[in-house]
Structure formats: structure tokens, C-alpha cells
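> A single structure is presented below for examination.
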Amino acid sequence: QIEKHTYISQFLALYFLFLLTARLLGEVGIARTGAIYGFTWLCNTAMVFSVIGIETCRPLLGSSSAVAVSIDQVLWYVDIIGWVLSGCRKFPIGVAKYLTWPQTTWVTKVTCTHHLWCIPLLIYGSYGMHYAAYPLSTYIVASHVILSRWLTPFKIIPCLVDGNNDNKKFSNNRNNNNGSKFKRVTNFMCGTPSIFPDPSTTTSSPNKIKLKEMERYCNVNLSHELWSDIQFSQLRTSADTAPDGATYILRLLSWWNGIFNLITFCLLYLLGRFFLGKATVYKHP
């Protein structure tokens with residue numbers, strides 16, 4: 001029997017509450033709606049699972065959550081280091097490129113630091129990496145992707161509202177980065193904007209247009225498409241040519257669980273054994 005890392009679970013809980021409060025209070029309109037959906041990203045729920053795991057003496061919840069987000073957060077290191085070495089001009093992978101998007105607010109930038117320290121903290125709080133963390137992580141990833149596909153929008157688009165509160169209709173078709181049309185992604189949501197439009201850019205009367213802002217790209221847990229800034233040709237081809245949502249999810253999970261997270265799990269398992277010794281699974285006294 002060993003003492004649980006209560007101080008780590010307390011820190012994670014306080015940080016998550018800070019993230020939750022800051023994004024809800026610091027965003028408005030579509031951005032706030034997008035932030036609410038954003039709380040279900042694996043990188044956020046991993047902290048919640050870890051708090052539960054540490055407090056209930058089930059460290060496997062923490063280590064498996066670390067594996068679930070491992071490929072994304074390992075690539076964050078690559079992106080940030082590459083961005084700094086390039087003179088703050090280029091992200092080699094693209095997973096962190098959204099930090100430079102014009103619609104990304106300072107609140108989001110401030111509350112994304114956990115991408116850099118979350119995995120080491122979760123593994124330490126879980127007393128190392130247990131071999132059972134990988135199979136459990138595949139279930140965590142799959143359940144998040146499937147639920148996100150079902151319950152969250154691909155993007156939230158601005159509504160132009162006239163005096164009668166009639167929302168304009170938007171097409172479900174869109175263009176991907178390569179310019180080719182496909183109908184796999186149709187889950188749009190019309191949201192309340194937070195800034196006013198420039199009347200000179202619209203055809204409607206200025207006094208009838210009340211609300212407009214830039215669209216909010218959600219794509220929570222990559223459940224609708226491969227992240228838009230990732231341009232590896234093999235991944236993009238595999239994702240963008242999927243004829244339907246089910247095929248896309250199967251392809252995504254085969255890459256995410258079957259290849260990338262398996263590689264990062266092996267790396268984290270070896271590092272955990274080297275620095276922390278054999279992982280301990282313990283119970284309540």
C-alpha cells in the first residue's frame with residue numbers, strides 16, 4: 001500500500017476549474033459555445049479522469065488517459081520546438097498552429113499550457129506506466145471520437161439575423177483544403193455571433209443585420225475530419241477519401257490507436273520504468 005498523490009489530483013482539479021472558468025468568462029457568442037464543446041477534448045477530460053483515478057486509488061485511469069492523448073501532446077513538443085527554431089514562422093506538424101489563428105483568443109492561448117506538462121504529471125501521479133494502460137486507452141479514444149461525432153458540431157457558423165429573427169440557411173457542402181467537395185461532414189451549428197459586421201461587405205440593410213462573426217472550427221477529437229492544419233499527404237488521403245462517417249472513424253482509430261498511440265505508449269512505458277520503476281496498481285486500505 002502506498003500513499004496516493006493527492007496534491008497532484010488537487011492541482012489538476014484546480015487547473016481544470018481555472019480553464020473552465022476562464023474560457024466561459026473570457027469568450028462570448030460563438031466562441032463561448034465552441035469553448036463548451038471544447039471541454040470534451042481528450043486533452044481536457046484526461047485531467048478529470050486522472051483526478052478520479054488518483055483520488056479513488058485507481059492510477060490506471062491516469063496512465064491510460066496519458067496514453068490516449070500521447071500522440072497529440074508529443075507532437076506539441078515537435079511543433080513548439082520547430083516553431084521556435086524557425087524564428088516563430090512555421091509549425092512542422094500543425095497540431096499547435098491554431099494558436100496563431102486570428103479567431104484564437106488570448107484566453108485559449110493562456111489555458112493551453114497543459115499540452116506540455118500534462119503527460120509527465122499524469123504518469124508521475126499514476127506511479128508509472130502500467131502495461132494495461134494501452135488497451136484501456138484504446139477504449140477511451142474510441143468512445144470520445146464516437147460520442148464527439150454524435151454530439152458535437154463540425155463547426156459553428158455565424159448567423160445573420162434580420163428584424164424578424166429569421167436565420168439564413170447555410171449549405172452542408174464545403175470545400176476542404178485541396179478544393180475537392182465531399183459530403184461526409186454535414187454537422188453544422190448556427191450560433192449567436194459576438195461582433196458586428198461591416199455593412200459595406202453585406203448586401204442586406206445595415207439596420208437589419210444585428211450579429212455576425214467568424215465561424216468557430218470545432219472538430220472535437222477529430223471526430224469529423226483530420227485536423228485542418230495537418231497536411232501529411234498519406235493521412236489526408238486516408239481521411240478525406242472516406243465515403244462516410246463510419247469509414248472515416250474506423251480509419252482514424254486505426255491510425256490513432258493502432259499505430260501512433262502504440263508507438264508513444266512503448267516510449268512512455270520505457271521512460272516510466274526507467275525513472276519510476278515498475279508501475280504499481282494499488283487499492284484502498
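Letters A, B, ... go to the chains of the C-alpha cells in the order shown; residues in each chain start at 1; ligands are counted from 1 in the same order.
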As a PDB file with N, CA and C atoms, in the first residue's frame, please: the residues near region 79-87 of chain A (cut-off 8 Å, only C-alpha atoms, same-chain neighbours under 5 positions excluded).

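around_38.pdb was written with the following content:
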ATOM      1  N   PRO A  92       6.011  22.634 -37.754  1.00  0.00           N
ATOM      2  CA  PRO A  92       6.308  21.498 -38.642  1.00  0.00           C
ATOM      3  C   PRO A  92       5.185  20.493 -38.774  1.00  0.00           C
ATOM      4  N   ILE A  93       4.383  20.281 -37.742  1.00  0.00           N
ATOM      5  CA  ILE A  93       3.298  19.306 -37.793  1.00  0.00           C
ATOM      6  C   ILE A  93       1.957  19.995 -38.030  1.00  0.00           C
ATOM      7  N   GLY A  94       1.618  20.953 -37.195  1.00  0.00           N
ATOM      8  CA  GLY A  94       0.367  21.694 -37.345  1.00  0.00           C
ATOM      9  C   GLY A  94      -0.616  21.515 -36.208  1.00  0.00           C
ATOM     10  N   VAL A  95      -0.299  20.642 -35.226  1.00  0.00           N
ATOM     11  CA  VAL A  95      -1.262  20.419 -34.142  1.00  0.00           C
ATOM     12  C   VAL A  95      -1.417  21.647 -33.245  1.00  0.00           C
ATOM     13  N   ALA A  96      -0.392  22.491 -33.190  1.00  0.00           N
ATOM     14  CA  ALA A  96      -0.449  23.698 -32.350  1.00  0.00           C
ATOM     15  C   ALA A  96      -0.625  24.973 -33.165  1.00  0.00           C
ATOM     16  N   LYS A  97      -0.817  24.829 -34.452  1.00  0.00           N
ATOM     17  CA  LYS A  97      -0.896  26.007 -35.313  1.00  0.00           C
ATOM     18  C   LYS A  97      -2.115  26.876 -35.035  1.00  0.00           C
TER      19      LYS A  97
END
> Could you name the residues that touch region 71-77 of chain A at 8 Å or less, counting only C-alpha atoms, but leaving out those on the same chain fewer than 6 positions away, as a list in words?
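The residues that qualify are Ile93, Val95, Ala96, His115, Leu116, Ile119, Trp256, Phe260, Asn261 and Thr264 of chain A.
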> Would you output that residue set with N, CA and C atoms, as a short mmCIF file (atom, residue, chain, number, x, y, z; two decimals), in the first residue's frame?

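Dumped to out.cif:
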data_model
loop_
_atom_site.label_atom_id
_atom_site.label_comp_id
_atom_site.auth_asym_id
_atom_site.auth_seq_id
_atom_site.Cartn_x
_atom_site.Cartn_y
_atom_site.Cartn_z
N ILE A 93 4.38 20.28 -37.74
CA ILE A 93 3.30 19.31 -37.79
C ILE A 93 1.96 20.00 -38.03
N VAL A 95 -0.30 20.64 -35.23
CA VAL A 95 -1.26 20.42 -34.14
C VAL A 95 -1.42 21.65 -33.25
N ALA A 96 -0.39 22.49 -33.19
CA ALA A 96 -0.45 23.70 -32.35
C ALA A 96 -0.62 24.97 -33.17
N HIS A 115 -0.92 21.06 -22.50
CA HIS A 115 -0.45 20.18 -23.57
C HIS A 115 1.03 19.84 -23.39
N LEU A 116 1.75 20.66 -22.65
CA LEU A 116 3.18 20.47 -22.49
C LEU A 116 3.56 19.75 -21.20
N ILE A 119 1.22 15.07 -19.67
CA ILE A 119 1.65 13.67 -19.71
C ILE A 119 2.66 13.34 -18.60
N TRP A 256 -4.80 6.27 -35.10
CA TRP A 256 -4.62 6.84 -33.76
C TRP A 256 -4.26 5.76 -32.74
N PHE A 260 -0.06 5.16 -33.96
CA PHE A 260 0.61 6.28 -33.28
C PHE A 260 0.65 6.11 -31.76
N ASN A 261 -0.50 5.84 -31.14
CA ASN A 261 -0.51 5.70 -29.69
C ASN A 261 0.22 4.45 -29.22
N THR A 264 3.85 5.67 -29.10
CA THR A 264 4.10 6.55 -27.96
C THR A 264 3.94 5.81 -26.63
#
> Would you mind telling me which residue in A:Val141, A:Met129, A:Ala279, A:Ile30 lies nearest to Val69 (chain A) when using only C-alpha atoms?
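The closest residue to Val69 (chain A) is A:Val141.
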> Of the residues A:Val28, A:Tyr124, A:Gly53, A:Arg58, which is the one nearest to Arg273 (chain A), using only C-alpha atoms?
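With only C-alpha atoms as the atom set, the closest residue is A:Tyr124.
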> Have a look at A:Ala142, A:Val110, A:Leu42, A:Leu99 and name the one nearest to Asn221 (chain A); count only C-alpha atoms.
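Counting only C-alpha atoms, the residue closest to Asn221 (chain A) is A:Leu42.
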> So which residues touch region 240-252 of chain A within 8 Å, counting only C-alpha atoms, skipping near sequence neighbours fewer than 3 positions away, as a JSON list (two decimals) with N, CA and C atoms, in the first residue's frame?

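And here is the file that came out, result29.json:
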[["chain", "number", "residue", "atom", "x", "y", "z"],
["A", 145, "VAL", "N", -14.18, 9.69, -29.61],
["A", 145, "VAL", "CA", -14.39, 10.03, -31.03],
["A", 145, "VAL", "C", -15.84, 9.77, -31.44],
["A", 146, "ILE", "N", -16.37, 8.62, -31.06],
["A", 146, "ILE", "CA", -17.74, 8.27, -31.46],
["A", 146, "ILE", "C", -18.76, 9.22, -30.84],
["A", 184, "ARG", "N", -19.21, 14.17, -46.58],
["A", 184, "ARG", "CA", -19.14, 13.40, -45.34],
["A", 184, "ARG", "C", -19.44, 14.27, -44.13],
["A", 185, "VAL", "N", -18.94, 15.49, -44.10],
["A", 185, "VAL", "CA", -19.14, 16.37, -42.96],
["A", 185, "VAL", "C", -20.36, 17.25, -43.20],
["A", 223, "SER", "N", -13.34, 14.13, -34.70],
["A", 223, "SER", "CA", -14.45, 13.22, -34.98],
["A", 223, "SER", "C", -15.10, 13.46, -36.34],
["A", 224, "HIS", "N", -14.80, 14.58, -36.99],
["A", 224, "HIS", "CA", -15.41, 14.87, -38.29],
["A", 224, "HIS", "C", -14.41, 14.86, -39.44],
["A", 225, "GLU", "N", -13.18, 15.22, -39.15],
["A", 225, "GLU", "CA", -12.14, 15.18, -40.17],
["A", 225, "GLU", "C", -10.78, 15.26, -39.49],
["A", 226, "LEU", "N", -9.72, 14.95, -40.24],
["A", 226, "LEU", "CA", -8.37, 15.16, -39.75],
["A", 226, "LEU", "C", -8.19, 16.65, -39.52],
["A", 236, "ARG", "N", -3.99, 12.65, -44.94],
["A", 236, "ARG", "CA", -5.08, 13.43, -45.54],
["A", 236, "ARG", "C", -5.84, 12.60, -46.55],
["A", 237, "THR", "N", -5.13, 11.84, -47.36],
["A", 237, "THR", "CA", -5.79, 11.00, -48.35],
["A", 237, "THR", "C", -6.66, 9.95, -47.68],
["A", 255, "TRP", "N", -5.30, 4.55, -37.30],
["A", 255, "TRP", "CA", -4.08, 5.35, -37.22],
["A", 255, "TRP", "C", -3.78, 5.76, -35.78],
["A", 256, "TRP", "N", -4.80, 6.27, -35.10],
["A", 256, "TRP", "CA", -4.62, 6.84, -33.76],
["A", 256, "TRP", "C", -4.26, 5.76, -32.74]]
> So which residues touch Ser64 (chain A) within 12 Å, counting only C-alpha atoms, skipping near sequence neighbours fewer than 6 positions away, as a ChimeraX atom specification?
/A:42,45-47,49-50,53,58,70,119,122-123,126,128-141,261-262,264-265,268-269
> Please list as a ChimeraX atom specification every residue within 9 Å of Ala31 (chain A), counting only C-alpha atoms and excluding residues in the same chain fewer than 3 positions away.
/A:23,27-28,34-36,103-105,156,193-194,215-216
> Just to confirm, what's the straight-line distance from CA of Cys118 (chain A) to CA of Tyr98 (chain A) in Å (one decimal)?
19.0 Å
> What does the distance between CA of Leu270 (chain A) and CA of Thr6 (chain A) come to in Å, to one decimal place?
24.8 Å
> I'd like the contact shell of Gly26 (chain A) - 9 Å cut-off, only C-alpha atoms, skipping same-chain residues fewer than 3 positions apart - returned as a ChimeraX atom specification.
/A:21-23,32,105-108
> For the selection just defined, write its residues with all heavy atoms to a file, as a PDB file, in the first residue's frame.

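What landed in selection_27.pdb:
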ATOM      1  N   THR A  21     -13.476  28.101 -16.027  1.00  0.00           N
ATOM      2  CA  THR A  21     -13.961  29.440 -15.700  1.00  0.00           C
ATOM      3  C   THR A  21     -13.419  30.485 -16.663  1.00  0.00           C
ATOM      4  O   THR A  21     -14.154  31.351 -17.150  1.00  0.00           O
ATOM      5  CB  THR A  21     -13.563  29.807 -14.260  1.00  0.00           C
ATOM      6  OG1 THR A  21     -14.059  28.813 -13.360  1.00  0.00           O
ATOM      7  CG2 THR A  21     -14.125  31.163 -13.876  1.00  0.00           C
ATOM      8  N   ALA A  22     -12.133  30.407 -16.966  1.00  0.00           N
ATOM      9  CA  ALA A  22     -11.505  31.405 -17.833  1.00  0.00           C
ATOM     10  C   ALA A  22     -12.109  31.396 -19.227  1.00  0.00           C
ATOM     11  O   ALA A  22     -12.380  32.451 -19.807  1.00  0.00           O
ATOM     12  CB  ALA A  22      -9.996  31.155 -17.905  1.00  0.00           C
ATOM     13  N   ARG A  23     -12.355  30.203 -19.767  1.00  0.00           N
ATOM     14  CA  ARG A  23     -12.889  30.140 -21.132  1.00  0.00           C
ATOM     15  C   ARG A  23     -14.365  30.520 -21.188  1.00  0.00           C
ATOM     16  O   ARG A  23     -14.813  31.101 -22.176  1.00  0.00           O
ATOM     17  CB  ARG A  23     -12.657  28.742 -21.708  1.00  0.00           C
ATOM     18  CG  ARG A  23     -11.188  28.447 -21.933  1.00  0.00           C
ATOM     19  CD  ARG A  23     -10.954  27.197 -22.741  1.00  0.00           C
ATOM     20  NE  ARG A  23      -9.536  26.943 -22.926  1.00  0.00           N
ATOM     21  CZ  ARG A  23      -9.023  25.928 -23.607  1.00  0.00           C
ATOM     22  NH1 ARG A  23      -9.851  25.044 -24.176  1.00  0.00           N
ATOM     23  NH2 ARG A  23      -7.720  25.765 -23.729  1.00  0.00           N
ATOM     24  N   ARG A  32     -17.848  31.210 -27.118  1.00  0.00           N
ATOM     25  CA  ARG A  32     -18.214  30.578 -25.852  1.00  0.00           C
ATOM     26  C   ARG A  32     -18.882  29.230 -26.095  1.00  0.00           C
ATOM     27  O   ARG A  32     -18.604  28.259 -25.381  1.00  0.00           O
ATOM     28  CB  ARG A  32     -19.135  31.489 -25.047  1.00  0.00           C
ATOM     29  CG  ARG A  32     -19.605  30.873 -23.726  1.00  0.00           C
ATOM     30  CD  ARG A  32     -20.436  31.855 -22.929  1.00  0.00           C
ATOM     31  NE  ARG A  32     -19.640  32.974 -22.463  1.00  0.00           N
ATOM     32  CZ  ARG A  32     -20.149  34.073 -21.886  1.00  0.00           C
ATOM     33  NH1 ARG A  32     -21.465  34.184 -21.744  1.00  0.00           N
ATOM     34  NH2 ARG A  32     -19.361  35.043 -21.482  1.00  0.00           N
ATOM     35  N   THR A 105      -8.393  33.356 -29.204  1.00  0.00           N
ATOM     36  CA  THR A 105      -8.290  34.435 -28.228  1.00  0.00           C
ATOM     37  C   THR A 105      -7.132  34.201 -27.266  1.00  0.00           C
ATOM     38  O   THR A 105      -6.587  33.104 -27.150  1.00  0.00           O
ATOM     39  CB  THR A 105      -9.592  34.559 -27.423  1.00  0.00           C
ATOM     40  OG1 THR A 105      -9.790  33.355 -26.669  1.00  0.00           O
ATOM     41  CG2 THR A 105     -10.787  34.773 -28.353  1.00  0.00           C
ATOM     42  N   TRP A 106      -6.778  35.245 -26.542  1.00  0.00           N
ATOM     43  CA  TRP A 106      -5.694  35.150 -25.568  1.00  0.00           C
ATOM     44  C   TRP A 106      -6.058  34.167 -24.447  1.00  0.00           C
ATOM     45  O   TRP A 106      -5.182  33.522 -23.877  1.00  0.00           O
ATOM     46  CB  TRP A 106      -5.377  36.521 -24.989  1.00  0.00           C
ATOM     47  CG  TRP A 106      -6.483  37.110 -24.155  1.00  0.00           C
ATOM     48  CD1 TRP A 106      -7.494  37.913 -24.571  1.00  0.00           C
ATOM     49  CD2 TRP A 106      -6.677  36.899 -22.743  1.00  0.00           C
ATOM     50  NE1 TRP A 106      -8.323  38.239 -23.522  1.00  0.00           N
ATOM     51  CE2 TRP A 106      -7.841  37.637 -22.389  1.00  0.00           C
ATOM     52  CE3 TRP A 106      -6.002  36.201 -21.756  1.00  0.00           C
ATOM     53  CZ2 TRP A 106      -8.337  37.642 -21.079  1.00  0.00           C
ATOM     54  CZ3 TRP A 106      -6.489  36.213 -20.467  1.00  0.00           C
ATOM     55  CH2 TRP A 106      -7.640  36.940 -20.132  1.00  0.00           C
ATOM     56  N   VAL A 107      -7.361  34.032 -24.149  1.00  0.00           N
ATOM     57  CA  VAL A 107      -7.786  33.099 -23.107  1.00  0.00           C
ATOM     58  C   VAL A 107      -7.416  31.673 -23.492  1.00  0.00           C
ATOM     59  O   VAL A 107      -6.888  30.900 -22.684  1.00  0.00           O
ATOM     60  CB  VAL A 107      -9.302  33.216 -22.857  1.00  0.00           C
ATOM     61  CG1 VAL A 107      -9.770  32.127 -21.889  1.00  0.00           C
ATOM     62  CG2 VAL A 107      -9.656  34.584 -22.314  1.00  0.00           C
ATOM     63  N   THR A 108      -7.682  31.315 -24.741  1.00  0.00           N
ATOM     64  CA  THR A 108      -7.339  29.973 -25.215  1.00  0.00           C
ATOM     65  C   THR A 108      -5.839  29.755 -25.181  1.00  0.00           C
ATOM     66  O   THR A 108      -5.360  28.665 -24.796  1.00  0.00           O
ATOM     67  CB  THR A 108      -7.866  29.767 -26.643  1.00  0.00           C
ATOM     68  OG1 THR A 108      -9.288  29.912 -26.648  1.00  0.00           O
ATOM     69  CG2 THR A 108      -7.505  28.387 -27.169  1.00  0.00           C
TER      70      THR A 108
END
> Between A:Thr100, A:Cys218, A:Ala13, A:Cys88, which has the minimum distance to Trp41 (chain A) (counting only C-alpha atoms)?
A:Cys218
> Quick one: pull the distance between CA of His5 (chain A) and CA of Gly125 (chain A), Å, one decimal.
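Distance between the two atoms: 5.7 Å.
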